[in-house]
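Student: Next up, final02.cif (mmCIF, N, CA and C atoms).
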data_input
loop_
_atom_site.label_atom_id
_atom_site.label_comp_id
_atom_site.auth_asym_id
_atom_site.auth_seq_id
_atom_site.Cartn_x
_atom_site.Cartn_y
_atom_site.Cartn_z
N MET A 1 123.31 96.22 99.96
CA MET A 1 122.05 95.49 99.83
C MET A 1 121.91 95.02 98.39
N ALA A 2 121.43 93.84 98.24
CA ALA A 2 121.24 93.26 96.91
C ALA A 2 120.09 93.98 96.21
N ASP A 3 119.36 93.26 95.43
CA ASP A 3 118.24 93.85 94.70
C ASP A 3 117.21 94.40 95.68
N THR A 4 116.72 95.58 95.36
CA THR A 4 115.70 96.21 96.18
C THR A 4 114.55 96.66 95.30
N VAL A 5 113.45 96.98 95.93
CA VAL A 5 112.30 97.53 95.22
C VAL A 5 111.97 98.86 95.88
N ARG A 6 111.66 99.85 95.06
CA ARG A 6 111.28 101.15 95.59
C ARG A 6 109.82 101.11 96.02
N CYS A 7 109.60 101.49 97.26
CA CYS A 7 108.25 101.52 97.82
C CYS A 7 107.91 102.95 98.21
N TRP A 8 106.70 103.33 97.92
CA TRP A 8 106.23 104.69 98.16
C TRP A 8 105.28 104.74 99.35
N LEU A 9 105.29 105.85 100.05
CA LEU A 9 104.39 106.04 101.18
C LEU A 9 102.95 106.01 100.66
N VAL A 10 102.16 105.10 101.19
CA VAL A 10 100.77 104.97 100.73
C VAL A 10 99.76 105.21 101.84
N GLU A 11 100.22 105.15 103.09
CA GLU A 11 99.27 105.35 104.18
C GLU A 11 100.03 105.69 105.46
N ARG A 12 99.44 106.63 106.21
CA ARG A 12 99.98 106.99 107.52
C ARG A 12 98.78 107.13 108.45
N THR A 13 98.73 106.31 109.48
CA THR A 13 97.59 106.35 110.41
C THR A 13 98.11 106.54 111.83
N TYR A 14 97.27 107.15 112.63
CA TYR A 14 97.59 107.42 114.03
C TYR A 14 96.60 106.65 114.89
N ASP A 15 97.10 106.09 116.00
CA ASP A 15 96.18 105.40 116.90
C ASP A 15 96.08 106.13 118.24
N ASP A 16 95.20 105.66 119.08
CA ASP A 16 94.97 106.32 120.36
C ASP A 16 96.04 105.98 121.41
N LYS A 17 97.02 105.18 121.05
CA LYS A 17 98.11 104.84 121.96
C LYS A 17 99.37 105.63 121.66
N GLY A 18 99.27 106.61 120.78
CA GLY A 18 100.42 107.44 120.46
C GLY A 18 101.37 106.83 119.44
N LEU A 19 100.88 105.89 118.63
CA LEU A 19 101.70 105.29 117.59
C LEU A 19 101.28 105.78 116.21
N ILE A 20 102.25 105.89 115.35
CA ILE A 20 102.00 106.21 113.95
C ILE A 20 102.38 104.98 113.14
N ARG A 21 101.45 104.52 112.32
CA ARG A 21 101.70 103.37 111.46
C ARG A 21 101.96 103.91 110.05
N ILE A 22 103.13 103.57 109.51
CA ILE A 22 103.56 104.08 108.21
C ILE A 22 103.64 102.89 107.26
N THR A 23 102.92 102.99 106.14
CA THR A 23 102.87 101.89 105.17
C THR A 23 103.44 102.35 103.83
N TYR A 24 104.37 101.56 103.31
CA TYR A 24 104.97 101.79 102.00
C TYR A 24 104.61 100.61 101.10
N ALA A 25 104.45 100.88 99.80
CA ALA A 25 104.18 99.82 98.82
C ALA A 25 104.77 100.23 97.47
N PRO A 26 105.18 99.24 96.67
CA PRO A 26 105.64 99.55 95.31
C PRO A 26 104.44 99.94 94.44
N THR A 27 104.72 100.52 93.30
CA THR A 27 103.64 101.01 92.42
C THR A 27 102.74 99.90 91.91
N ASP A 28 103.22 98.66 91.91
CA ASP A 28 102.36 97.55 91.49
C ASP A 28 101.62 96.91 92.67
N ALA A 29 101.85 97.46 93.88
CA ALA A 29 101.21 96.96 95.11
C ALA A 29 101.38 95.46 95.27
N SER A 30 102.57 94.98 94.93
CA SER A 30 102.86 93.55 95.08
C SER A 30 103.13 93.16 96.53
N GLY A 31 103.17 94.13 97.41
CA GLY A 31 103.38 93.87 98.82
C GLY A 31 103.37 95.18 99.58
N GLN A 32 103.59 95.10 100.88
CA GLN A 32 103.61 96.29 101.71
C GLN A 32 104.68 96.15 102.79
N HIS A 33 105.19 97.29 103.24
CA HIS A 33 106.13 97.32 104.35
C HIS A 33 105.56 98.29 105.37
N VAL A 34 105.30 97.79 106.57
CA VAL A 34 104.66 98.59 107.61
C VAL A 34 105.61 98.76 108.78
N THR A 35 105.73 99.98 109.26
CA THR A 35 106.49 100.26 110.47
C THR A 35 105.60 101.06 111.41
N GLU A 36 105.89 100.95 112.69
CA GLU A 36 105.19 101.75 113.69
C GLU A 36 106.22 102.52 114.48
N LYS A 37 105.90 103.78 114.74
CA LYS A 37 106.79 104.64 115.51
C LYS A 37 105.97 105.42 116.51
N ALA A 38 106.60 105.77 117.61
CA ALA A 38 105.94 106.60 118.60
C ALA A 38 105.75 108.00 118.02
N ALA A 39 104.56 108.55 118.18
CA ALA A 39 104.27 109.88 117.65
C ALA A 39 105.19 110.93 118.26
N ALA A 40 105.63 110.70 119.48
CA ALA A 40 106.50 111.66 120.16
C ALA A 40 107.94 111.61 119.67
N SER A 41 108.31 110.55 118.94
CA SER A 41 109.68 110.42 118.45
C SER A 41 109.91 111.30 117.23
N SER A 42 111.15 111.51 116.94
CA SER A 42 111.53 112.28 115.76
C SER A 42 111.23 111.44 114.52
N LEU A 43 110.34 111.92 113.67
CA LEU A 43 109.95 111.17 112.47
C LEU A 43 110.62 111.75 111.24
N ASP A 44 111.27 110.91 110.50
CA ASP A 44 111.82 111.29 109.21
C ASP A 44 111.17 110.38 108.19
N VAL A 45 109.99 110.78 107.74
CA VAL A 45 109.24 109.98 106.78
C VAL A 45 109.50 110.54 105.39
N THR A 46 110.02 109.68 104.52
CA THR A 46 110.30 110.11 103.15
C THR A 46 109.25 109.56 102.20
N ALA A 47 109.19 110.15 101.02
CA ALA A 47 108.21 109.74 100.03
C ALA A 47 108.40 108.30 99.60
N ALA A 48 109.65 107.82 99.59
CA ALA A 48 109.92 106.45 99.17
C ALA A 48 111.10 105.88 99.94
N ILE A 49 111.14 104.57 100.00
CA ILE A 49 112.27 103.86 100.58
C ILE A 49 112.60 102.67 99.69
N GLU A 50 113.82 102.18 99.80
CA GLU A 50 114.24 100.99 99.08
C GLU A 50 114.15 99.81 100.05
N ILE A 51 113.48 98.74 99.64
CA ILE A 51 113.25 97.58 100.51
C ILE A 51 113.66 96.31 99.78
N ASP A 52 114.22 95.39 100.53
CA ASP A 52 114.47 94.05 100.01
C ASP A 52 113.09 93.43 99.74
N PRO A 53 112.82 92.93 98.55
CA PRO A 53 111.50 92.37 98.24
C PRO A 53 111.05 91.28 99.22
N GLU A 54 112.00 90.58 99.82
CA GLU A 54 111.64 89.54 100.78
C GLU A 54 111.07 90.10 102.07
N ARG A 55 111.25 91.39 102.31
CA ARG A 55 110.72 92.03 103.52
C ARG A 55 109.31 92.58 103.30
N LEU A 56 108.77 92.44 102.10
CA LEU A 56 107.41 92.91 101.84
C LEU A 56 106.40 91.87 102.32
N ASP A 57 105.39 92.36 102.99
CA ASP A 57 104.29 91.50 103.43
C ASP A 57 103.19 91.53 102.39
N PRO A 58 102.41 90.46 102.27
CA PRO A 58 101.32 90.46 101.28
C PRO A 58 100.21 91.45 101.65
N ILE A 59 99.51 91.89 100.63
CA ILE A 59 98.32 92.72 100.81
C ILE A 59 97.15 91.82 100.48
N ASP A 60 96.39 91.46 101.48
CA ASP A 60 95.34 90.46 101.31
C ASP A 60 94.08 90.97 100.64
N ASP A 61 93.75 92.21 100.85
CA ASP A 61 92.49 92.77 100.36
C ASP A 61 92.69 93.41 98.99
N GLY A 62 91.90 92.99 98.00
CA GLY A 62 92.00 93.53 96.65
C GLY A 62 91.72 95.02 96.58
N THR A 63 90.78 95.49 97.38
CA THR A 63 90.47 96.93 97.40
C THR A 63 91.65 97.72 97.94
N THR A 64 92.26 97.22 99.00
CA THR A 64 93.44 97.88 99.57
C THR A 64 94.58 97.86 98.57
N ARG A 65 94.79 96.74 97.91
CA ARG A 65 95.86 96.62 96.92
C ARG A 65 95.69 97.67 95.81
N GLU A 66 94.47 97.82 95.32
CA GLU A 66 94.19 98.80 94.27
C GLU A 66 94.44 100.22 94.78
N ARG A 67 94.00 100.51 95.99
CA ARG A 67 94.19 101.84 96.57
C ARG A 67 95.67 102.14 96.77
N TYR A 68 96.42 101.15 97.25
CA TYR A 68 97.86 101.34 97.45
C TYR A 68 98.58 101.55 96.13
N ALA A 69 98.21 100.82 95.10
CA ALA A 69 98.83 101.00 93.78
C ALA A 69 98.58 102.42 93.26
N GLU A 70 97.36 102.90 93.40
CA GLU A 70 97.03 104.25 92.95
C GLU A 70 97.79 105.30 93.75
N GLU A 71 97.87 105.12 95.05
CA GLU A 71 98.57 106.10 95.89
C GLU A 71 100.07 106.07 95.63
N ALA A 72 100.65 104.90 95.45
CA ALA A 72 102.08 104.81 95.13
C ALA A 72 102.39 105.51 93.81
N GLU A 73 101.55 105.32 92.80
CA GLU A 73 101.72 106.02 91.52
C GLU A 73 101.64 107.53 91.70
N ARG A 74 100.66 107.98 92.49
CA ARG A 74 100.49 109.41 92.73
C ARG A 74 101.72 110.00 93.43
N MET A 75 102.21 109.29 94.44
CA MET A 75 103.40 109.76 95.16
C MET A 75 104.61 109.80 94.24
N ALA A 76 104.77 108.79 93.39
CA ALA A 76 105.90 108.73 92.46
C ALA A 76 105.87 109.89 91.47
N GLU A 77 104.68 110.30 91.07
CA GLU A 77 104.53 111.41 90.13
C GLU A 77 104.79 112.76 90.78
N ARG A 78 104.50 112.90 92.05
CA ARG A 78 104.53 114.21 92.72
C ARG A 78 105.75 114.47 93.60
N HIS A 79 106.49 113.41 93.96
CA HIS A 79 107.57 113.58 94.93
C HIS A 79 108.86 112.89 94.48
N GLU A 80 109.96 113.43 94.94
CA GLU A 80 111.25 112.77 94.80
C GLU A 80 111.33 111.72 95.90
N PRO A 81 112.01 110.59 95.67
CA PRO A 81 112.05 109.52 96.66
C PRO A 81 112.53 109.96 98.05
N GLY A 82 113.54 110.78 98.14
CA GLY A 82 114.08 111.19 99.43
C GLY A 82 113.41 112.39 100.05
N GLU A 83 112.38 112.89 99.40
CA GLU A 83 111.67 114.08 99.89
C GLU A 83 110.93 113.75 101.19
N SER A 84 111.06 114.62 102.15
CA SER A 84 110.36 114.45 103.42
C SER A 84 108.89 114.79 103.23
N VAL A 85 108.03 113.90 103.70
CA VAL A 85 106.58 114.12 103.56
C VAL A 85 105.86 113.93 104.89
#
Could the structure of this file be written out as structure tokens, please?

Tutor:
Amino acid sequence: MADTVRCWLVERTYDDKGLIRITYAPTDASGQHVTEKAAASSLDVTAAIEIDPERLDPIDDGTTRERYAEEAERMAERHEPGESV
């Protein structure tokens, strides 16, 4: 993979349909990467992942962007990238 950006886990939400939505963002919250997985599946969620910057989606809400930046910084300070969380 060419150039990548490290993105940190910033949000994990559960819905009533049995899905888990996992959101990663870089510490500058320049974008987000969202995946959904079945709650019943085997989850290997790590503190950080490497993503091609072109795969990042924009974060439209300024409040969300600020919250994601703060959470990404917190995760980076407290966890190793490959640590299971």

Student: Assign secondary structure with DSSP using the backbone only, and return the residues of region 17-79 of chain A in alpha helix (DSSP H) as a list in words.

Tutor: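 Of region 17-79 of chain A, the ones in alpha helix (DSSP H) are Gly62, Thr63, Thr64, Arg65, Glu66, Arg67, Tyr68, Ala69, Glu70, Glu71, Ala72, Glu73, Arg74, Met75, Ala76, Glu77 and Arg78 of chain A.
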
Student: Which residues are close to region 41-49 of chain A, i.e. within 8 Å by only C-alpha atoms, leaving aside same-chain residues fewer than 4 positions away? Reply as a PyMOL selection string.

Tutor: chain A and resi 6-9+24+37+75-76+79-85

Student: Just the residues within 6.5 Å of region 31-33 of chain A, please, counting all atoms listed in the file, with nothing from its chain fewer than 5 positions along; format it as a list in words.

Tutor: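 The neighbour list is Ile22, Thr23, Tyr24, Ala25, Pro26, Arg55, Leu56, Asp57, Pro58 and Ile59 of chain A.
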
Student: Could you check how far CA of Arg21 (chain A) sits from CA of Val34 (chain A), in Å to one decimal?

Tutor: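 These two atoms are separated by 6.8 Å.
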
Student: When you draw a straight line from CA of Glu77 (chain A) to CA of Val10 (chain A), how long is it in Å?

Tutor: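 Computed distance, CA of Glu77 (chain A) to CA of Val10 (chain A), equals 13.0 Å.
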
Student: Give me, please, the distance in Å between CA of Asp3 (chain A) and CA of Glu66 (chain A), quoted to one decimal.

Tutor: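 Those two atoms sit 24.6 Å apart.
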
Student: Starting from the PyMOL selection byres ((chain A and resi 51) around 5), expand the selection into actual residues of this file and give them as a ChimeraX atom specification.

Tutor: /A:4-5,49-50,52-53

Student: Could you pull out all residues of chain A with a DSSP call of strand (DSSP E or B) and give them as a tab-separated table (two decimals) with N, CA and C atoms, in the frame of the given file?

Tutor:
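This went into states03.tsv:
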chain	number	residue	atom	x	y	z
A	5	VAL	N	113.45	96.98	95.93
A	5	VAL	CA	112.30	97.53	95.22
A	5	VAL	C	111.97	98.86	95.88
A	6	ARG	N	111.66	99.85	95.06
A	6	ARG	CA	111.28	101.15	95.59
A	6	ARG	C	109.82	101.11	96.02
A	7	CYS	N	109.60	101.49	97.26
A	7	CYS	CA	108.25	101.52	97.82
A	7	CYS	C	107.91	102.95	98.21
A	8	TRP	N	106.70	103.33	97.92
A	8	TRP	CA	106.23	104.69	98.16
A	8	TRP	C	105.28	104.74	99.35
A	9	LEU	N	105.29	105.85	100.05
A	9	LEU	CA	104.39	106.04	101.18
A	9	LEU	C	102.95	106.01	100.66
A	10	VAL	N	102.16	105.10	101.19
A	10	VAL	CA	100.77	104.97	100.73
A	10	VAL	C	99.76	105.21	101.84
A	11	GLU	N	100.22	105.15	103.09
A	11	GLU	CA	99.27	105.35	104.18
A	11	GLU	C	100.03	105.69	105.46
A	12	ARG	N	99.44	106.63	106.21
A	12	ARG	CA	99.98	106.99	107.52
A	12	ARG	C	98.78	107.13	108.45
A	13	THR	N	98.73	106.31	109.48
A	13	THR	CA	97.59	106.35	110.41
A	13	THR	C	98.11	106.54	111.83
A	14	TYR	N	97.27	107.15	112.63
A	14	TYR	CA	97.59	107.42	114.03
A	14	TYR	C	96.60	106.65	114.89
A	19	LEU	N	100.88	105.89	118.63
A	19	LEU	CA	101.70	105.29	117.59
A	19	LEU	C	101.28	105.78	116.21
A	20	ILE	N	102.25	105.89	115.35
A	20	ILE	CA	102.00	106.21	113.95
A	20	ILE	C	102.38	104.98	113.14
A	21	ARG	N	101.45	104.52	112.32
A	21	ARG	CA	101.70	103.37	111.46
A	21	ARG	C	101.96	103.91	110.05
A	22	ILE	N	103.13	103.57	109.51
A	22	ILE	CA	103.56	104.08	108.21
A	22	ILE	C	103.64	102.89	107.26
A	23	THR	N	102.92	102.99	106.14
A	23	THR	CA	102.87	101.89	105.17
A	23	THR	C	103.44	102.35	103.83
A	24	TYR	N	104.37	101.56	103.31
A	24	TYR	CA	104.97	101.79	102.00
A	24	TYR	C	104.61	100.61	101.10
A	25	ALA	N	104.45	100.88	99.80
A	25	ALA	CA	104.18	99.82	98.82
A	25	ALA	C	104.77	100.23	97.47
A	32	GLN	N	103.59	95.10	100.88
A	32	GLN	CA	103.61	96.29	101.71
A	32	GLN	C	104.68	96.15	102.79
A	33	HIS	N	105.19	97.29	103.24
A	33	HIS	CA	106.13	97.32	104.35
A	33	HIS	C	105.56	98.29	105.37
A	34	VAL	N	105.30	97.79	106.57
A	34	VAL	CA	104.66	98.59	107.61
A	34	VAL	C	105.61	98.76	108.78
A	35	THR	N	105.73	99.98	109.26
A	35	THR	CA	106.49	100.26	110.47
A	35	THR	C	105.60	101.06	111.41
A	36	GLU	N	105.89	100.95	112.69
A	36	GLU	CA	105.19	101.75	113.69
A	36	GLU	C	106.22	102.52	114.48
A	37	LYS	N	105.90	103.78	114.74
A	37	LYS	CA	106.79	104.64	115.51
A	37	LYS	C	105.97	105.42	116.51
A	38	ALA	N	106.60	105.77	117.61
A	38	ALA	CA	105.94	106.60	118.60
A	38	ALA	C	105.75	108.00	118.02
A	46	THR	N	110.02	109.68	104.52
A	46	THR	CA	110.30	110.11	103.15
A	46	THR	C	109.25	109.56	102.20
A	48	ALA	N	109.65	107.82	99.59
A	48	ALA	CA	109.92	106.45	99.17
A	48	ALA	C	111.10	105.88	99.94
A	49	ILE	N	111.14	104.57	100.00
A	49	ILE	CA	112.27	103.86	100.58
A	49	ILE	C	112.60	102.67	99.69
A	50	GLU	N	113.82	102.18	99.80
A	50	GLU	CA	114.24	100.99	99.08
A	50	GLU	C	114.15	99.81	100.05
A	51	ILE	N	113.48	98.74	99.64
A	51	ILE	CA	113.25	97.58	100.51
A	51	ILE	C	113.66	96.31	99.78
A	57	ASP	N	105.39	92.36	102.99
A	57	ASP	CA	104.29	91.50	103.43
A	57	ASP	C	103.19	91.53	102.39
A	84	SER	N	111.06	114.62	102.15
A	84	SER	CA	110.36	114.45	103.42
A	84	SER	C	108.89	114.79	103.23

Student: Applied to the shown file, which residues does the PyMOL selection byres ((chain A and resi 19) around 7) return, written as a VMD selection string?

Tutor: chain A and resid 13 to 18 20 to 21 36 to 40

Student: Can you pull out the residues contacting Ala69 (chain A)? Cut-off 6 Å, using all atoms listed in the file, and skip same-chain residues under 6 positions away; I want them as a PyMOL selection string.

Tutor: chain A and resi 26-29

Student: I need the residue nearest Arg12 (chain A) from this list: A:Glu71, A:Glu54, A:Ser30, A:Asp61. Use only C-alpha atoms for the distance.

Tutor: A:Glu71

Student: Output region 25-36 of chain A as a PDB file, in the frame of the given file, making sure all heavy atoms are there.

Tutor:
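That gives us part13.pdb:
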ATOM      1  N   ALA A  25     104.450 100.880  99.800  1.00  0.00           N
ATOM      2  CA  ALA A  25     104.180  99.820  98.820  1.00  0.00           C
ATOM      3  C   ALA A  25     104.770 100.230  97.470  1.00  0.00           C
ATOM      4  O   ALA A  25     104.845 101.415  97.152  1.00  0.00           O
ATOM      5  CB  ALA A  25     102.677  99.587  98.675  1.00  0.00           C
ATOM      6  N   PRO A  26     105.180  99.240  96.670  1.00  0.00           N
ATOM      7  CA  PRO A  26     105.640  99.550  95.310  1.00  0.00           C
ATOM      8  C   PRO A  26     104.440  99.940  94.440  1.00  0.00           C
ATOM      9  O   PRO A  26     103.279  99.695  94.800  1.00  0.00           O
ATOM     10  CB  PRO A  26     106.276  98.244  94.831  1.00  0.00           C
ATOM     11  CG  PRO A  26     105.693  97.178  95.690  1.00  0.00           C
ATOM     12  CD  PRO A  26     105.288  97.812  96.979  1.00  0.00           C
ATOM     13  N   THR A  27     104.720 100.520  93.300  1.00  0.00           N
ATOM     14  CA  THR A  27     103.640 101.010  92.420  1.00  0.00           C
ATOM     15  C   THR A  27     102.740  99.900  91.910  1.00  0.00           C
ATOM     16  O   THR A  27     101.609 100.149  91.530  1.00  0.00           O
ATOM     17  CB  THR A  27     104.199 101.811  91.235  1.00  0.00           C
ATOM     18  OG1 THR A  27     105.163 101.013  90.556  1.00  0.00           O
ATOM     19  CG2 THR A  27     104.824 103.120  91.700  1.00  0.00           C
ATOM     20  N   ASP A  28     103.220  98.660  91.910  1.00  0.00           N
ATOM     21  CA  ASP A  28     102.360  97.550  91.490  1.00  0.00           C
ATOM     22  C   ASP A  28     101.620  96.910  92.670  1.00  0.00           C
ATOM     23  O   ASP A  28     100.884  95.941  92.487  1.00  0.00           O
ATOM     24  CB  ASP A  28     103.147  96.497  90.716  1.00  0.00           C
ATOM     25  CG  ASP A  28     104.195  95.788  91.571  1.00  0.00           C
ATOM     26  OD1 ASP A  28     104.334  96.100  92.776  1.00  0.00           O
ATOM     27  OD2 ASP A  28     104.899  94.917  91.017  1.00  0.00           O
ATOM     28  N   ALA A  29     101.850  97.460  93.880  1.00  0.00           N
ATOM     29  CA  ALA A  29     101.210  96.960  95.110  1.00  0.00           C
ATOM     30  C   ALA A  29     101.380  95.460  95.270  1.00  0.00           C
ATOM     31  O   ALA A  29     100.496  94.758  95.721  1.00  0.00           O
ATOM     32  CB  ALA A  29      99.742  97.368  95.165  1.00  0.00           C
ATOM     33  N   SER A  30     102.570  94.980  94.930  1.00  0.00           N
ATOM     34  CA  SER A  30     102.860  93.550  95.080  1.00  0.00           C
ATOM     35  C   SER A  30     103.130  93.160  96.530  1.00  0.00           C
ATOM     36  O   SER A  30     103.289  91.981  96.823  1.00  0.00           O
ATOM     37  CB  SER A  30     104.053  93.173  94.202  1.00  0.00           C
ATOM     38  OG  SER A  30     105.178  93.967  94.549  1.00  0.00           O
ATOM     39  N   GLY A  31     103.170  94.130  97.410  1.00  0.00           N
ATOM     40  CA  GLY A  31     103.380  93.870  98.820  1.00  0.00           C
ATOM     41  C   GLY A  31     103.370  95.180  99.580  1.00  0.00           C
ATOM     42  O   GLY A  31     103.188  96.250  98.999  1.00  0.00           O
ATOM     43  N   GLN A  32     103.590  95.100 100.880  1.00  0.00           N
ATOM     44  CA  GLN A  32     103.610  96.290 101.710  1.00  0.00           C
ATOM     45  C   GLN A  32     104.680  96.150 102.790  1.00  0.00           C
ATOM     46  O   GLN A  32     105.036  95.045 103.194  1.00  0.00           O
ATOM     47  CB  GLN A  32     102.261  96.533 102.358  1.00  0.00           C
ATOM     48  CG  GLN A  32     101.848  95.436 103.326  1.00  0.00           C
ATOM     49  CD  GLN A  32     100.471  95.655 103.900  1.00  0.00           C
ATOM     50  OE1 GLN A  32      99.938  96.749 103.877  1.00  0.00           O
ATOM     51  NE2 GLN A  32      99.890  94.583 104.429  1.00  0.00           N
ATOM     52  N   HIS A  33     105.190  97.290 103.240  1.00  0.00           N
ATOM     53  CA  HIS A  33     106.130  97.320 104.350  1.00  0.00           C
ATOM     54  C   HIS A  33     105.560  98.290 105.370  1.00  0.00           C
ATOM     55  O   HIS A  33     105.328  99.458 105.059  1.00  0.00           O
ATOM     56  CB  HIS A  33     107.508  97.784 103.878  1.00  0.00           C
ATOM     57  CG  HIS A  33     108.499  97.872 104.982  1.00  0.00           C
ATOM     58  ND1 HIS A  33     109.064  96.769 105.563  1.00  0.00           N
ATOM     59  CD2 HIS A  33     109.011  98.933 105.631  1.00  0.00           C
ATOM     60  CE1 HIS A  33     109.898  97.145 106.515  1.00  0.00           C
ATOM     61  NE2 HIS A  33     109.873  98.462 106.573  1.00  0.00           N
ATOM     62  N   VAL A  34     105.300  97.790 106.570  1.00  0.00           N
ATOM     63  CA  VAL A  34     104.660  98.590 107.610  1.00  0.00           C
ATOM     64  C   VAL A  34     105.610  98.760 108.780  1.00  0.00           C
ATOM     65  O   VAL A  34     106.234  97.788 109.227  1.00  0.00           O
ATOM     66  CB  VAL A  34     103.356  97.912 108.099  1.00  0.00           C
ATOM     67  CG1 VAL A  34     102.699  98.731 109.187  1.00  0.00           C
ATOM     68  CG2 VAL A  34     102.403  97.696 106.931  1.00  0.00           C
ATOM     69  N   THR A  35     105.730  99.980 109.260  1.00  0.00           N
ATOM     70  CA  THR A  35     106.490 100.260 110.470  1.00  0.00           C
ATOM     71  C   THR A  35     105.600 101.060 111.410  1.00  0.00           C
ATOM     72  O   THR A  35     104.690 101.772 110.965  1.00  0.00           O
ATOM     73  CB  THR A  35     107.780 101.047 110.195  1.00  0.00           C
ATOM     74  OG1 THR A  35     107.455 102.294 109.597  1.00  0.00           O
ATOM     75  CG2 THR A  35     108.706 100.292 109.277  1.00  0.00           C
ATOM     76  N   GLU A  36     105.890 100.950 112.690  1.00  0.00           N
ATOM     77  CA  GLU A  36     105.190 101.750 113.690  1.00  0.00           C
ATOM     78  C   GLU A  36     106.220 102.520 114.480  1.00  0.00           C
ATOM     79  O   GLU A  36     107.268 101.978 114.838  1.00  0.00           O
ATOM     80  CB  GLU A  36     104.357 100.866 114.622  1.00  0.00           C
ATOM     81  CG  GLU A  36     103.152 100.274 113.960  1.00  0.00           C
ATOM     82  CD  GLU A  36     102.292  99.468 114.927  1.00  0.00           C
ATOM     83  OE1 GLU A  36     102.804  99.030 115.973  1.00  0.00           O
ATOM     84  OE2 GLU A  36     101.109  99.286 114.619  1.00  0.00           O
TER      85      GLU A  36
END
